[in-house]
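Note sheet for the following structure.
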Amino acid sequence: MTTGFELDGNAMAGDLREIFAVDLTGAVATCAGCGRPSAVAALRVWGPAPGLVARCPGCEDVVLRLVRAPGRAWLDVRGAVSLRIALPEESVAEGPA
Amino acid sequence: MSIISPGFGGRRRSSRPDLPPGQYLTHDFPVLSAGPTPRIPLDRWSFTITDEIGGRTSWSWDELNALPQEEFTADIHCVTKWSKLGTTWRGVSLDTLFENVESTADFTMVHSYGGYTTNVPLEDLLDGRAWIAHTFDGEPLHPEHGGPARLVVPALYFWKSAKWVDGIQMLQQDEPGFWEEAGYHMYGDPWREQRYQGD
Amino acid sequence: MAEARWETPSARTLVLDVPHWPGHLPGQHVDVRLTAPDGYSAQRSYSIASAWRDGGTVELTIQRVADGEVSSYLTDVLEPGRQLELRGPVGGWFVWRGTPSPVLLVAGGSGVVPLMAMIRARGDARGRQPFRLIYSVRTPQDTLYAGELARRVRDDPGLDVRFVYTRKTPDGWPEPPARMGVPVLNSHGWPPDFAPDVFVCGPTSFVEAAADILVALGHDAAKIRTERFGGTA
């Protein structure tokens, strides 16, 4: 069990919301280290300085890194095999067959 | 445009003209980490310099402490804007550790227990510019500040002073370490305010 | 900030008038940034304590943390009429969306704040979902919203609150002070086969312990949502 001043992925919500048009804390990230899927909100987070580091709750490998600088941000996702993001459903208009 | 909060911030921090640009003096010692604090028993601790063809030179904890020790005083500057002046340390100079290392490589990657890395040009580690430090302010270096031993390179932003150091890998080319991959500057000179890539 | 009120000697609720606030869901938070006259700035996240009503205010309850540069400014220095820089609302995962399922709320200290927003939203909507709050505090004096919780237990149908006192209990309390453990979560939470939505909020060690116990009791890990505060503010 890890100890220390830990946050979780909920703490990344504000910075991620500046970058993406939808909330990303509910996105499911698959860890490139162990393959475990976790909600971004459930990742173990260190930071916020010098940046936010989100680690897998299973194997503790780094899944995401987010650095915010004036006028730009870096989101490093090499620790995630994929991110599955829920989007609002679009309505499909009926068209000619 | 920021909203200014009168009465905020005066207590512990102050900006001064003798600090690098954008820095504020702090009286505490903030703990910033990218992951859990590793706990390394001293009987399993080692430090290894690996040259560019794989040759290794290692020291155990006892061997490190048997080398010539130096006391040094340093001003330290964190990229998150706090600075501490006149901090006192004790450790082994990288000049001592590199005495018998044959290498033509100009760059290094510093490695830590726990997986952290940071890149530092070799010339910034030599000529009295860097130490492997185990004592801070007269006491053994606390784990949350990087103990048993950390690299200290005062001339660069303090993210380059890798906590929980376990080795240095010589490189032919400069490569980004942990924070450098995520947007921080490859070199990190506080006097030129090199915080982020592109600065 | 329009006004402020003390909840306990160390926790103050800030009532904020935020123009063009888009509304928020219970459980969301805001990021507050303070900038000193010399340019030094610091930022912290705070959960929104209030439920949203059209045209209403946004409330934050700030727990003063020893040596906390931001929290102590917000509790002790900020005066009504002054502006505060906010970013939000943010967070879409640790949120209660008013679904019919029963809900278990587990709060450690100031972790009760976002859970109180959920209780308030349910009250405003006259919701009938079965709601149970297990709220762990050090002493009775540290309890946030004590009066309001008592009133809501009386007036909001289907809401139950169980306190856990870890350092000092109220007079007449039948047990000695103790940390929250398996017995309380077992007796005062919902049985796992009710499939409740579970929200746990508080310091990291509290959240880890509570989540582990709930999973061991048979709750589906996928239905447990957690929000950890660090140790500092």
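Please note that chains go A, B, ... in the order of the structure tokens, that every chain numbers its residues from 1, and that ligands are numbered from 1 in the order shown.
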
Could the residues of chain A within 9 Å of chain B, counting only C-alpha atoms, be given as a PDB file with N, CA and C atoms, in the first residue's frame, please?
ATOM      1  N   THR A   2       0.533   2.167  -0.832  1.00  0.00           N
ATOM      2  CA  THR A   2       1.358   3.384  -0.900  1.00  0.00           C
ATOM      3  C   THR A   2       0.838   4.415   0.087  1.00  0.00           C
ATOM      4  N   THR A   3       1.702   5.235   0.531  1.00  0.00           N
ATOM      5  CA  THR A   3       1.286   6.300   1.460  1.00  0.00           C
ATOM      6  C   THR A   3       1.869   7.612   0.962  1.00  0.00           C
ATOM      7  N   GLY A   4       1.501   8.666   1.597  1.00  0.00           N
ATOM      8  CA  GLY A   4       2.042   9.956   1.185  1.00  0.00           C
ATOM      9  C   GLY A   4       0.921  10.863   0.760  1.00  0.00           C
ATOM     10  N   PHE A   5       1.303  12.017   0.253  1.00  0.00           N
ATOM     11  CA  PHE A   5       0.284  12.984  -0.124  1.00  0.00           C
ATOM     12  C   PHE A   5      -0.246  12.635  -1.502  1.00  0.00           C
ATOM     13  N   GLU A   6      -1.277  11.823  -1.522  1.00  0.00           N
ATOM     14  CA  GLU A   6      -1.814  11.365  -2.787  1.00  0.00           C
ATOM     15  C   GLU A   6      -3.136  12.013  -3.084  1.00  0.00           C
ATOM     16  N   ARG A  44      -4.024   6.944  -9.248  1.00  0.00           N
ATOM     17  CA  ARG A  44      -3.334   7.565  -8.106  1.00  0.00           C
ATOM     18  C   ARG A  44      -2.482   8.716  -8.624  1.00  0.00           C
ATOM     19  N   VAL A  45      -2.723   9.886  -8.097  1.00  0.00           N
ATOM     20  CA  VAL A  45      -2.087  11.076  -8.673  1.00  0.00           C
ATOM     21  C   VAL A  45      -1.111  11.724  -7.695  1.00  0.00           C
ATOM     22  N   TRP A  46       0.058  12.063  -8.201  1.00  0.00           N
ATOM     23  CA  TRP A  46       1.029  12.881  -7.453  1.00  0.00           C
ATOM     24  C   TRP A  46       1.083  14.234  -8.144  1.00  0.00           C
ATOM     25  N   GLY A  47       1.266  15.272  -7.359  1.00  0.00           N
ATOM     26  CA  GLY A  47       1.351  16.611  -7.930  1.00  0.00           C
ATOM     27  C   GLY A  47       0.623  17.582  -7.033  1.00  0.00           C
ATOM     28  N   PRO A  48       0.242  18.727  -7.482  1.00  0.00           N
ATOM     29  CA  PRO A  48       0.181  19.177  -8.868  1.00  0.00           C
ATOM     30  C   PRO A  48       1.492  19.741  -9.422  1.00  0.00           C
ATOM     31  N   ALA A  49       2.541  19.802  -8.602  1.00  0.00           N
ATOM     32  CA  ALA A  49       3.794  20.365  -9.115  1.00  0.00           C
ATOM     33  C   ALA A  49       4.893  19.310  -9.016  1.00  0.00           C
ATOM     34  N   PRO A  50       5.836  19.337  -9.934  1.00  0.00           N
ATOM     35  CA  PRO A  50       5.938  20.134 -11.158  1.00  0.00           C
ATOM     36  C   PRO A  50       4.900  19.779 -12.228  1.00  0.00           C
ATOM     37  N   GLY A  51       4.148  18.733 -12.034  1.00  0.00           N
ATOM     38  CA  GLY A  51       3.117  18.366 -13.001  1.00  0.00           C
ATOM     39  C   GLY A  51       2.250  17.311 -12.347  1.00  0.00           C
ATOM     40  N   LEU A  52       1.182  16.906 -12.991  1.00  0.00           N
ATOM     41  CA  LEU A  52       0.324  15.852 -12.458  1.00  0.00           C
ATOM     42  C   LEU A  52       0.787  14.523 -13.037  1.00  0.00           C
ATOM     43  N   VAL A  53       1.045  13.567 -12.151  1.00  0.00           N
ATOM     44  CA  VAL A  53       1.486  12.242 -12.578  1.00  0.00           C
ATOM     45  C   VAL A  53       0.432  11.249 -12.119  1.00  0.00           C
ATOM     46  N   ALA A  54      -0.201  10.567 -13.049  1.00  0.00           N
ATOM     47  CA  ALA A  54      -1.277   9.636 -12.715  1.00  0.00           C
ATOM     48  C   ALA A  54      -0.764   8.220 -12.900  1.00  0.00           C
ATOM     49  N   ARG A  55      -0.812   7.426 -11.836  1.00  0.00           N
ATOM     50  CA  ARG A  55      -0.263   6.070 -11.856  1.00  0.00           C
ATOM     51  C   ARG A  55      -1.368   5.035 -11.733  1.00  0.00           C
ATOM     52  N   GLU A  60       1.201   0.640 -10.401  1.00  0.00           N
ATOM     53  CA  GLU A  60       1.885   1.905 -10.108  1.00  0.00           C
ATOM     54  C   GLU A  60       2.720   2.480 -11.238  1.00  0.00           C
ATOM     55  N   VAL A  62       3.404   4.736 -14.491  1.00  0.00           N
ATOM     56  CA  VAL A  62       2.819   6.014 -14.883  1.00  0.00           C
ATOM     57  C   VAL A  62       1.906   5.820 -16.089  1.00  0.00           C
ATOM     58  N   ARG A  65       0.778  11.877 -17.782  1.00  0.00           N
ATOM     59  CA  ARG A  65       1.482  12.998 -17.170  1.00  0.00           C
ATOM     60  C   ARG A  65       0.908  14.274 -17.777  1.00  0.00           C
ATOM     61  N   LEU A  66       0.640  15.258 -16.950  1.00  0.00           N
ATOM     62  CA  LEU A  66       0.072  16.517 -17.453  1.00  0.00           C
ATOM     63  C   LEU A  66       0.859  17.672 -16.869  1.00  0.00           C
ATOM     64  N   VAL A  67       1.439  18.487 -17.756  1.00  0.00           N
ATOM     65  CA  VAL A  67       2.195  19.664 -17.341  1.00  0.00           C
ATOM     66  C   VAL A  67       1.515  20.885 -17.941  1.00  0.00           C
ATOM     67  N   ARG A  68       1.271  21.864 -17.099  1.00  0.00           N
ATOM     68  CA  ARG A  68       0.582  23.076 -17.535  1.00  0.00           C
ATOM     69  C   ARG A  68       1.569  24.233 -17.452  1.00  0.00           C
ATOM     70  N   ALA A  69       1.804  24.908 -18.587  1.00  0.00           N
ATOM     71  CA  ALA A  69       2.700  26.068 -18.618  1.00  0.00           C
ATOM     72  C   ALA A  69       1.906  27.240 -19.166  1.00  0.00           C
ATOM     73  N   ALA A  73       0.019  23.310 -22.697  1.00  0.00           N
ATOM     74  CA  ALA A  73      -0.017  22.167 -21.791  1.00  0.00           C
ATOM     75  C   ALA A  73       0.574  20.974 -22.534  1.00  0.00           C
ATOM     76  N   TRP A  74       1.191  20.061 -21.762  1.00  0.00           N
ATOM     77  CA  TRP A  74       1.659  18.797 -22.340  1.00  0.00           C
ATOM     78  C   TRP A  74       0.889  17.679 -21.665  1.00  0.00           C
ATOM     79  N   LEU A  75       0.289  16.807 -22.458  1.00  0.00           N
ATOM     80  CA  LEU A  75      -0.350  15.615 -21.929  1.00  0.00           C
ATOM     81  C   LEU A  75       0.389  14.432 -22.523  1.00  0.00           C
ATOM     82  N   ASP A  76       1.094  13.700 -21.682  1.00  0.00           N
ATOM     83  CA  ASP A  76       1.849  12.541 -22.157  1.00  0.00           C
ATOM     84  C   ASP A  76       1.042  11.291 -21.839  1.00  0.00           C
TER      85      ASP A  76
END

What's around Pro190 in chain B at 9 Å? Count only C-alpha atoms, leave out sequence neighbours fewer than 6 positions away in its own chain, and write the answer as a list in words.
Pro20, Pro21, Gln23, His77, Cys78, Val79, Ala155, Leu156 and Tyr157 of chain B

Can you list every residue of chain C that has an atom at most 10 Å from chain A, with its nearest atom pair and the distance in Å to one decimal, using only C-alpha atoms, ordered by chain then number, as CSV?
residue,atom,partner,partner_atom,distance
C:Gln28,CA,A:Asn10,CA,9.2
C:His29,CA,A:Gly14,CA,8.8
C:Val30,CA,A:Gly14,CA,7.6
C:Asp31,CA,A:Gly14,CA,6.8
C:Gln43,CA,A:Pro48,CA,9.1
C:Arg44,CA,A:Ala11,CA,9.2
C:Ser45,CA,A:Ala11,CA,7.2
C:Tyr46,CA,A:Ala11,CA,9.8
C:Arg87,CA,A:Gly14,CA,7.0
C:Gly88,CA,A:Gly14,CA,6.8
C:Pro89,CA,A:Gly14,CA,8.1
C:Val90,CA,A:Gly14,CA,5.6
C:Gly91,CA,A:Ala13,CA,5.3
C:Gly92,CA,A:Asp23,CA,5.7
C:Trp93,CA,A:Gly26,CA,4.9
C:Phe94,CA,A:Asn10,CA,7.5
C:Pro203,CA,A:Glu6,CA,8.6
C:Thr204,CA,A:Glu6,CA,6.4
C:Ser205,CA,A:Thr3,CA,7.5
C:Glu208,CA,A:Met1,CA,9.0
C:Ala222,CA,A:Ala39,CA,9.7
C:Arg225,CA,A:Ala42,CA,7.9
C:Thr226,CA,A:Ala42,CA,7.1
C:Glu227,CA,A:Asn10,CA,6.6
C:Arg228,CA,A:Leu7,CA,5.4
C:Phe229,CA,A:Leu7,CA,5.6
C:Gly230,CA,A:Phe5,CA,4.9
C:Gly231,CA,A:Phe5,CA,5.5
C:Thr232,CA,A:Phe5,CA,7.5

If you keep C-alpha atoms, can you produce a file of those selected residues as a PDB file, in the first residue's frame?
ATOM      1  CA  GLN C  28     -18.290  18.484  -8.749  1.00  0.00           C
ATOM      2  CA  HIS C  29     -15.547  20.811  -7.600  1.00  0.00           C
ATOM      3  CA  VAL C  30     -13.869  24.066  -8.507  1.00  0.00           C
ATOM      4  CA  ASP C  31     -10.220  25.073  -8.677  1.00  0.00           C
ATOM      5  CA  GLN C  43      -4.149  26.884  -6.578  1.00  0.00           C
ATOM      6  CA  ARG C  44      -6.305  24.318  -4.755  1.00  0.00           C
ATOM      7  CA  SER C  45      -9.430  22.298  -5.526  1.00  0.00           C
ATOM      8  CA  TYR C  46     -12.540  22.589  -3.352  1.00  0.00           C
ATOM      9  CA  ARG C  87     -12.245  27.477 -12.603  1.00  0.00           C
ATOM     10  CA  GLY C  88     -15.140  25.096 -12.960  1.00  0.00           C
ATOM     11  CA  PRO C  89     -17.355  23.287 -12.317  1.00  0.00           C
ATOM     12  CA  VAL C  90     -15.205  20.264 -13.084  1.00  0.00           C
ATOM     13  CA  GLY C  91     -15.438  16.539 -12.541  1.00  0.00           C
ATOM     14  CA  GLY C  92     -17.940  14.227 -14.200  1.00  0.00           C
ATOM     15  CA  TRP C  93     -17.174  10.952 -12.484  1.00  0.00           C
ATOM     16  CA  PHE C  94     -17.526  11.617  -8.779  1.00  0.00           C
ATOM     17  CA  PRO C 203      -8.074  11.715   3.150  1.00  0.00           C
ATOM     18  CA  THR C 204      -6.289   9.038   1.153  1.00  0.00           C
ATOM     19  CA  SER C 205      -5.804   6.520   3.960  1.00  0.00           C
ATOM     20  CA  GLU C 208      -8.390   3.287   0.811  1.00  0.00           C
ATOM     21  CA  ALA C 222     -17.376  -0.757 -10.141  1.00  0.00           C
ATOM     22  CA  ARG C 225     -16.578   6.027  -6.584  1.00  0.00           C
ATOM     23  CA  THR C 226     -13.867   7.683  -4.560  1.00  0.00           C
ATOM     24  CA  GLU C 227     -12.394  11.130  -4.184  1.00  0.00           C
ATOM     25  CA  ARG C 228      -9.168  11.560  -2.255  1.00  0.00           C
ATOM     26  CA  PHE C 229      -7.898  14.746  -0.726  1.00  0.00           C
ATOM     27  CA  GLY C 230      -4.181  15.028  -0.168  1.00  0.00           C
ATOM     28  CA  GLY C 231      -2.906  15.793   3.296  1.00  0.00           C
ATOM     29  CA  THR C 232      -2.359  19.473   2.620  1.00  0.00           C
TER      30      THR C 232
END

Select from chain C every residue with an atom at most 8 Å from any atom of chain B, then for each give the shortest pair of atoms and their distance in Å to one decimal, using only C-alpha atoms, rows by chain and rising number, as a Markdown table.
| residue | atom | partner | partner_atom | distance |
| --- | --- | --- | --- | --- |
| C:Leu34 | CA | B:Ser5 | CA | 6.1 |
| C:Thr35 | CA | B:Ile4 | CA | 5.0 |
| C:Ala36 | CA | B:Phe8 | CA | 5.2 |
| C:Pro37 | CA | B:Ile4 | CA | 6.0 |
| C:Asp38 | CA | B:Ser15 | CA | 7.3 |
| C:Tyr40 | CA | B:Gly9 | CA | 7.0 |
| C:Ser41 | CA | B:Gly9 | CA | 7.8 |
| C:Glu69 | CA | B:Gly9 | CA | 7.3 |
| C:Tyr73 | CA | B:Phe8 | CA | 6.4 |
| C:Val77 | CA | B:Gly7 | CA | 7.1 |
| C:Gln83 | CA | B:Ile3 | CA | 7.0 |
| C:Leu84 | CA | B:Ile3 | CA | 6.7 |
| C:Glu85 | CA | B:Ile3 | CA | 6.0 |

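Atom to atom, CA of Ala80 in chain A and CA of Val63 in chain A stand 5.1 Å apart.
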
Arg36 in chain A environment, 10 Å, only C-alpha atoms, sequence neighbours closer than 5 positions dropped, as a list in words:
Val28, Ala29, Thr30, Cys31, Cys56, Pro57, Gly58, Cys59, Ala80 and Val81 of chain A

Please identify all polymer residues within 9 Å of range 52-58 of chain C, counting only C-alpha atoms, omitting same-chain residues fewer than 3 positions from it, and present them as a JSON list (two decimals) with N, CA and C atoms, in the first residue's frame.
[["chain", "number", "residue", "atom", "x", "y", "z"],
["C", 2, "ALA", "N", -20.11, 36.79, -1.48],
["C", 2, "ALA", "CA", -21.22, 37.61, -0.98],
["C", 2, "ALA", "C", -21.26, 37.60, 0.54],
["C", 14, "LEU", "N", -18.07, 29.65, 2.27],
["C", 14, "LEU", "CA", -18.07, 30.88, 1.47],
["C", 14, "LEU", "C", -19.25, 30.82, 0.52],
["C", 15, "VAL", "N", -20.07, 31.85, 0.52],
["C", 15, "VAL", "CA", -21.22, 31.93, -0.37],
["C", 15, "VAL", "C", -20.81, 32.83, -1.54],
["C", 16, "LEU", "N", -20.67, 32.25, -2.71],
["C", 16, "LEU", "CA", -20.13, 32.99, -3.85],
["C", 16, "LEU", "C", -21.22, 33.32, -4.85],
["C", 17, "ASP", "N", -21.16, 34.54, -5.31],
["C", 17, "ASP", "CA", -22.04, 35.02, -6.35],
["C", 17, "ASP", "C", -21.24, 34.91, -7.64],
["C", 18, "VAL", "N", -21.56, 33.95, -8.49],
["C", 18, "VAL", "CA", -20.73, 33.74, -9.68],
["C", 18, "VAL", "C", -21.55, 34.08, -10.93],
["C", 20, "HIS", "N", -22.91, 34.21, -14.57],
["C", 20, "HIS", "CA", -22.88, 33.27, -15.69],
["C", 20, "HIS", "C", -22.51, 31.85, -15.28],
["C", 21, "TRP", "N", -22.76, 31.50, -14.01],
["C", 21, "TRP", "CA", -22.46, 30.12, -13.59],
["C", 21, "TRP", "C", -23.37, 29.18, -14.36],
["C", 23, "GLY", "N", -24.33, 26.26, -13.74],
["C", 23, "GLY", "CA", -24.94, 25.22, -12.92],
["C", 23, "GLY", "C", -23.93, 24.11, -12.69],
["C", 24, "HIS", "N", -24.23, 23.25, -11.74],
["C", 24, "HIS", "CA", -23.29, 22.17, -11.46],
["C", 24, "HIS", "C", -24.04, 20.96, -10.93],
["C", 25, "LEU", "N", -23.39, 19.80, -10.99],
["C", 25, "LEU", "CA", -23.94, 18.57, -10.44],
["C", 25, "LEU", "C", -23.34, 18.33, -9.06],
["C", 26, "PRO", "N", -24.09, 17.70, -8.16],
["C", 26, "PRO", "CA", -23.54, 17.46, -6.82],
["C", 26, "PRO", "C", -22.37, 16.49, -6.88],
["C", 48, "ILE", "N", -17.81, 21.62, -4.29],
["C", 48, "ILE", "CA", -18.95, 22.52, -4.14],
["C", 48, "ILE", "C", -19.88, 21.92, -3.10],
["C", 49, "ALA", "N", -20.24, 22.69, -2.09],
["C", 49, "ALA", "CA", -21.05, 22.18, -0.98],
["C", 49, "ALA", "C", -22.54, 22.28, -1.25],
["C", 117, "ALA", "N", -23.50, 18.08, -0.79],
["C", 117, "ALA", "CA", -24.14, 18.62, -1.99],
["C", 117, "ALA", "C", -25.12, 17.59, -2.55],
["C", 121, "ALA", "N", -29.06, 18.19, -2.88],
["C", 121, "ALA", "CA", -29.73, 18.09, -4.18],
["C", 121, "ALA", "C", -30.92, 17.14, -4.08],
["C", 124, "ASP", "N", -33.70, 19.03, -2.32],
["C", 124, "ASP", "CA", -34.35, 20.03, -3.18],
["C", 124, "ASP", "C", -35.30, 19.35, -4.16]]

Figure out the distance between CA of Gly128 in chain B and CA of Gln69 in chain B, please, to one decimal in Å.
12.5 Å

Can you pull out every residue from range 54-97 of chain A that DSSP, working from the backbone, puts in strand (DSSP E), and format the result as a VMD selection string?
chain A and resid 54 to 55 62 to 69 72 to 76 80 to 84

Could you name the residues that touch Ile224 in chain C at 8 Å or less, counting only C-alpha atoms, but leaving out those on the same chain fewer than 4 positions away, as a CSV table (one decimal) with C-alpha atoms, in the first residue's frame?
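The new file result_36.csv reads:
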chain,number,residue,atom,x,y,z
C,197,ASP,CA,-24.1,3.6,-5.7
C,198,VAL,CA,-21.3,4.3,-3.2
C,199,PHE,CA,-19.4,7.6,-2.9
C,200,VAL,CA,-16.4,7.7,-0.5
C,211,ALA,CA,-13.1,1.1,-0.2
C,219,HIS,CA,-19.9,-4.5,-2.8
C,220,ASP,CA,-19.2,-4.3,-6.5
